[in-house]
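S.K.: The structure file target.pdb (PDB, C-alpha atoms) is provided below.
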ATOM      1  CA  MET Z   1     121.676  63.322 102.230
ATOM      2  CA  LYS Z   2     121.522  65.653 105.216
ATOM      3  CA  LEU Z   3     119.772  68.309 103.083
ATOM      4  CA  LYS Z   4     117.173  65.788 101.906
ATOM      5  CA  LEU Z   5     116.427  64.713 105.484
ATOM      6  CA  THR Z   6     116.122  68.347 106.552
ATOM      7  CA  LEU Z   7     113.692  69.086 103.706
ATOM      8  CA  ILE Z   8     111.607  65.995 104.506
ATOM      9  CA  ALA Z   9     111.514  66.929 108.212
ATOM     10  CA  ALA Z  10     110.495  70.502 107.372
ATOM     11  CA  PHE Z  11     107.722  69.231 105.060
ATOM     12  CA  PHE Z  12     106.271  66.971 107.764
ATOM     13  CA  LEU Z  13     106.577  69.699 110.382
ATOM     14  CA  LEU Z  14     104.662  72.178 108.222
ATOM     15  CA  THR Z  15     101.972  69.705 107.170
ATOM     16  CA  SER Z  16     101.604  67.665 110.378
ATOM     17  CA  GLY Z  17      98.728  69.731 111.751
ATOM     18  CA  VAL Z  18      96.831  70.166 108.503
ATOM     19  CA  PHE Z  19      93.915  68.000 109.568
ATOM     20  CA  ALA Z  20      94.272  68.380 113.341
ATOM     21  CA  GLN Z  21      92.891  71.892 113.922
ATOM     22  CA  ALA Z  22      89.416  73.327 113.560
ATOM     23  CA  LYS Z  23      88.822  75.073 110.264
ATOM     24  CA  LYS Z  24      87.274  78.451 109.563
ATOM     25  CA  GLY Z  25      83.665  78.536 108.472
ATOM     26  CA  GLN Z  26      82.265  80.360 105.496
ATOM     27  CA  LEU Z  27      83.500  83.890 104.846
ATOM     28  CA  PHE Z  28      82.011  86.518 102.578
ATOM     29  CA  GLY Z  29      84.068  89.533 101.681
ATOM     30  CA  LEU Z  30      84.894  92.494  99.518
ATOM     31  CA  HIS Z  31      88.330  93.117  97.984
ATOM     32  CA  PHE Z  32      89.832  96.149  96.261
ATOM     33  CA  ASN Z  33      92.108  95.178  93.334
ATOM     34  CA  LEU Z  34      94.857  96.642  91.175
ATOM     35  CA  SER Z  35      96.027  95.060  87.899
ATOM     36  CA  ASP Z  36      99.406  95.785  86.297
ATOM     37  CA  PHE Z  37      99.461  94.836  82.609
ATOM     38  CA  ASN Z  38     102.971  96.297  82.008
ATOM     39  CA  GLY Z  39     104.932  94.454  84.709
ATOM     40  CA  PRO Z  40     104.935  90.989  83.075
ATOM     41  CA  ALA Z  41     106.639  92.330  79.918
ATOM     42  CA  GLY Z  42     109.511  93.611  82.047
ATOM     43  CA  ILE Z  43     109.684  90.355  84.003
ATOM     44  CA  LYS Z  44     109.764  88.163  80.877
ATOM     45  CA  ASP Z  45     112.220  90.348  78.928
ATOM     46  CA  PRO Z  46     114.132  92.907  81.030
ATOM     47  CA  ALA Z  47     115.767  94.245  77.836
ATOM     48  CA  THR Z  48     112.439  95.883  76.861
ATOM     49  CA  GLY Z  49     113.007  98.481  79.553
ATOM     50  CA  LYS Z  50     109.413  98.069  80.720
ATOM     51  CA  GLY Z  51     108.933  98.087  84.447
ATOM     52  CA  TYR Z  52     106.111  97.895  86.887
ATOM     53  CA  SER Z  53     103.276 100.376  86.498
ATOM     54  CA  GLN Z  54     102.887 103.179  88.968
ATOM     55  CA  LEU Z  55      99.903 102.951  91.251
ATOM     56  CA  LYS Z  56      97.987 105.641  89.333
ATOM     57  CA  ASP Z  57      98.476 103.755  86.033
ATOM     58  CA  MET Z  58      97.177 100.400  87.273
ATOM     59  CA  SER Z  59      93.691  99.215  86.412
ATOM     60  CA  LYS Z  60      91.334  99.333  89.374
ATOM     61  CA  GLY Z  61      88.645  96.861  90.313
ATOM     62  CA  PHE Z  62      86.882  95.029  93.096
ATOM     63  CA  SER Z  63      85.913  91.485  94.002
ATOM     64  CA  LEU Z  64      83.130  89.780  95.864
ATOM     65  CA  ALA Z  65      84.717  86.823  97.612
ATOM     66  CA  TYR Z  66      83.682  83.575  99.236
ATOM     67  CA  TRP Z  67      86.196  81.750 101.435
ATOM     68  CA  ARG Z  68      85.645  78.355 103.021
ATOM     69  CA  GLY Z  69      88.007  76.435 105.261
ATOM     70  CA  LEU Z  70      88.579  72.924 103.967
ATOM     71  CA  THR Z  71      91.018  72.147 106.797
ATOM     72  CA  SER Z  72      92.699  74.379 109.381
ATOM     73  CA  LYS Z  73      95.473  75.164 106.862
ATOM     74  CA  ILE Z  74      93.755  74.888 103.480
ATOM     75  CA  ASP Z  75      91.008  77.163 102.160
ATOM     76  CA  LEU Z  76      88.939  77.327  99.009
ATOM     77  CA  SER Z  77      88.304  80.834  97.741
ATOM     78  CA  VAL Z  78      86.048  81.890  94.891
ATOM     79  CA  LYS Z  79      86.214  85.489  93.693
ATOM     80  CA  ALA Z  80      84.024  87.334  91.235
ATOM     81  CA  ASN Z  81      86.291  90.118  89.956
ATOM     82  CA  ALA Z  82      85.373  93.299  88.108
ATOM     83  CA  VAL Z  83      88.429  94.866  86.434
ATOM     84  CA  PHE Z  84      88.212  98.252  84.708
ATOM     85  CA  TYR Z  85      90.617  98.303  81.746
ATOM     86  CA  ASP Z  86      90.920  99.263  78.057
ATOM     87  CA  TYR Z  87      90.446  95.775  76.558
ATOM     88  CA  SER Z  88      89.908  97.191  73.053
ATOM     89  CA  ALA Z  89      93.577  98.245  73.042
ATOM     90  CA  ILE Z  90      94.531  94.553  73.272
ATOM     91  CA  ASN Z  91      91.971  93.195  70.826
ATOM     92  CA  GLN Z  92      91.706  95.869  68.124
ATOM     93  CA  GLY Z  93      94.508  98.359  68.767
ATOM     94  CA  VAL Z  94      91.949 101.075  69.562
ATOM     95  CA  THR Z  95      92.561 102.915  72.820
ATOM     96  CA  GLY Z  96      90.829 105.345  75.116
ATOM     97  CA  LYS Z  97      87.771 103.429  76.269
ATOM     98  CA  THR Z  98      87.567 101.896  79.722
ATOM     99  CA  GLU Z  99      85.581  98.672  79.811
ATOM    100  CA  ILE Z 100      84.688  96.169  82.489
ATOM    101  CA  GLY Z 101      86.193  92.691  82.576
ATOM    102  CA  ILE Z 102      84.273  90.174  84.667
ATOM    103  CA  GLU Z 103      86.212  87.195  86.055
ATOM    104  CA  LEU Z 104      85.385  84.084  88.072
ATOM    105  CA  GLU Z 105      88.410  82.780  89.940
ATOM    106  CA  PRO Z 106      88.331  79.694  92.197
ATOM    107  CA  ALA Z 107      91.596  78.997  94.039
ATOM    108  CA  ILE Z 108      93.168  76.866  96.758
ATOM    109  CA  ASN Z 109      95.072  78.669  99.521
ATOM    110  CA  ILE Z 110      97.612  76.811 101.672
ATOM    111  CA  ARG Z 111      99.102  78.165 104.918
ATOM    112  CA  PRO Z 112     101.880  76.776 107.158
ATOM    113  CA  PHE Z 113      99.935  77.939 110.245
ATOM    114  CA  PRO Z 114      96.357  77.101 111.298
ATOM    115  CA  ASP Z 115      93.451  79.552 111.142
ATOM    116  CA  ALA Z 116      93.887  80.388 114.825
ATOM    117  CA  ALA Z 117      97.190  82.152 114.033
ATOM    118  CA  LYS Z 118      96.818  85.937 114.104
ATOM    119  CA  LEU Z 119      99.092  86.385 111.084
ATOM    120  CA  ALA Z 120      99.537  83.643 108.488
ATOM    121  CA  PRO Z 121     101.215  83.795 105.083
ATOM    122  CA  PHE Z 122      99.711  81.628 102.353
ATOM    123  CA  LEU Z 123     100.302  80.401  98.813
ATOM    124  CA  THR Z 124      97.463  80.476  96.315
ATOM    125  CA  ALA Z 125      96.836  78.861  92.930
ATOM    126  CA  GLY Z 126      93.744  78.320  90.837
ATOM    127  CA  ALA Z 127      92.120  78.670  87.460
ATOM    128  CA  GLY Z 128      89.945  81.434  86.143
ATOM    129  CA  ILE Z 129      87.779  82.526  83.274
ATOM    130  CA  GLY Z 130      86.783  86.025  82.294
ATOM    131  CA  LEU Z 131      84.664  87.976  79.856
ATOM    132  CA  TYR Z 132      86.586  90.900  78.340
ATOM    133  CA  ASN Z 133      84.936  93.031  75.667
ATOM    134  CA  ASN Z 134      82.611  90.138  74.705
ATOM    135  CA  LYS Z 135      85.525  87.681  74.422
ATOM    136  CA  LEU Z 136      86.135  84.763  76.795
ATOM    137  CA  GLY Z 137      89.616  84.291  78.188
ATOM    138  CA  GLY Z 138      91.184  81.840  80.598
ATOM    139  CA  PHE Z 139      94.013  82.355  83.079
ATOM    140  CA  ILE Z 140      95.958  80.635  85.855
ATOM    141  CA  PRO Z 141      96.488  82.805  88.968
ATOM    142  CA  ALA Z 142      99.416  81.918  91.235
ATOM    143  CA  GLY Z 143     100.870  83.903  94.083
ATOM    144  CA  GLY Z 144     100.858  84.497  97.773
ATOM    145  CA  GLY Z 145      99.418  86.581 100.522
ATOM    146  CA  ILE Z 146      98.949  87.238 104.196
ATOM    147  CA  GLN Z 147      95.869  86.478 106.283
ATOM    148  CA  LEU Z 148      95.270  88.587 109.401
ATOM    149  CA  ASN Z 149      92.838  86.976 111.854
ATOM    150  CA  PHE Z 150      90.520  89.119 114.002
ATOM    151  CA  ASP Z 151      89.221  86.676 116.672
ATOM    152  CA  ASN Z 152      88.175  84.015 114.109
ATOM    153  CA  THR Z 153      85.201  86.131 113.017
ATOM    154  CA  ALA Z 154      86.793  88.473 110.506
ATOM    155  CA  TYR Z 155      89.909  88.336 108.342
ATOM    156  CA  LEU Z 156      91.990  90.797 106.358
ATOM    157  CA  PHE Z 157      93.598  89.373 103.216
ATOM    158  CA  VAL Z 158      96.471  90.950 101.291
ATOM    159  CA  GLN Z 159      97.421  89.131  98.072
ATOM    160  CA  ALA Z 160      99.719  89.384  95.053
ATOM    161  CA  GLN Z 161      99.299  87.111  92.029
ATOM    162  CA  TYR Z 162     100.794  86.590  88.622
ATOM    163  CA  LYS Z 163      97.981  85.727  86.219
ATOM    164  CA  PHE Z 164      99.235  83.544  83.365
ATOM    165  CA  THR Z 165      96.901  83.971  80.415
ATOM    166  CA  LEU Z 166      95.682  80.953  78.468
ATOM    167  CA  THR Z 167      94.257  83.120  75.668
ATOM    168  CA  LYS Z 168      96.885  85.693  74.633
ATOM    169  CA  LYS Z 169      94.698  87.323  71.954
ATOM    170  CA  VAL Z 170      92.048  88.150  74.546
ATOM    171  CA  LEU Z 171      94.114  89.196  77.568
ATOM    172  CA  GLY Z 172      97.819  89.384  78.389
ATOM    173  CA  ASP Z 173      99.590  88.212  81.520
ATOM    174  CA  ASN Z 174      99.174  90.604  84.419
ATOM    175  CA  LEU Z 175     100.096  91.194  88.026
ATOM    176  CA  PHE Z 176      97.072  91.286  90.310
ATOM    177  CA  TYR Z 177      97.128  92.875  93.769
ATOM    178  CA  SER Z 178      94.267  92.633  96.227
ATOM    179  CA  ILE Z 179      93.376  93.775  99.727
ATOM    180  CA  GLY Z 180      90.110  92.672 101.241
ATOM    181  CA  PHE Z 181      88.048  92.078 104.323
ATOM    182  CA  ALA Z 182      85.949  88.969 104.907
ATOM    183  CA  GLN Z 183      83.445  88.224 107.658
ATOM    184  CA  ASN Z 184      82.651  84.780 109.076
ATOM    185  CA  PHE Z 185      78.952  83.799 108.836
TER
END
Turn the structure described in the file into structure tokens.
M.R.:
Amino acid sequence: MKLKLTLIAAFFLLTSGVFAQAKKGQLFGLHFNLSDFNGPAGIKDPATGKGYSQLKDMSKGFSLAYWRGLTSKIDLSVKANAVFYDYSAINQGVTGKTEIGIELEPAINIRPFPDAAKLAPFLTAGAGIGLYNNKLGGFIPAGGGIQLNFDNTAYLFVQAQYKFTLTKKVLGDNLFYSIGFAQNF
């Protein structure tokens, strides 16, 4: 019973100021991304011996991002991602050609601290759709990150997500890492 009361008190403490503080305005930003398509195989089945990809083996990309504060602790983000990867290796077993995957990824980001905090961790979850080698694929991104506030006018975002694929024949699960800068307009 004591544990339940502690958890309830912690929940109310973390969420009590959600609607009390001023929220951030609209942010526009640019993010640099890395995608690891090998890591999820090792996470799901450690017996495969597959591990995380080295930095040089990860697929690179970038995102144009829009962030909007819904409350002082909840943001909506929408990213347009470009990921450079060999999608033909997944679809047809043919390798050696780098292609561009285009994704649209809206997400909700929840922080325990208001926007005014200089450093605030956050959880993120959303839904996304992408076009990979002329095939549509859906995914669910979930993860976390850190928001660094520069005087409420600019923010640095560092994120890590696990993207659960909804269309396994088009794209596999992957780990998605992002670092970006967004400016308040």
S.K.: May I ask which of the residues Z:Gln147, Z:Asn133, Z:Thr165, Z:Gln54 is the closest one to Ser178 of chain Z, counting all atoms listed in the file?
M.R.: Z:Gln147
S.K.: Between atom CA of Thr153 of chain Z and atom CA of Trp67 of chain Z, what is the distance in Å, rounded to a tenth?
M.R.: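 Going from atom CA of Thr153 of chain Z over to atom CA of Trp67 of chain Z, I get 12.4 Å.
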S.K.: Measure the distance from atom CA of Leu30 of chain Z to atom CA of Leu70 of chain Z in Å and round it to one decimal.
M.R.: 20.4 Å
S.K.: With distances taken over all atoms listed in the file, which of Z:Ala80, Z:Ile140, Z:Pro106, Z:Ile179 is nearest to His31 of chain Z?
M.R.: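 Of the candidates, the smallest distance to His31 of chain Z is held by Z:Ile179.
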S.K.: Please identify all polymer residues within 10 Å of Ala127 of chain Z, counting only C-alpha atoms, omitting same-chain residues fewer than 2 positions from it, and present them as a VMD selection string.
M.R.: chain Z and resid 104 to 108 125 129 138 to 142 163 to 164 166
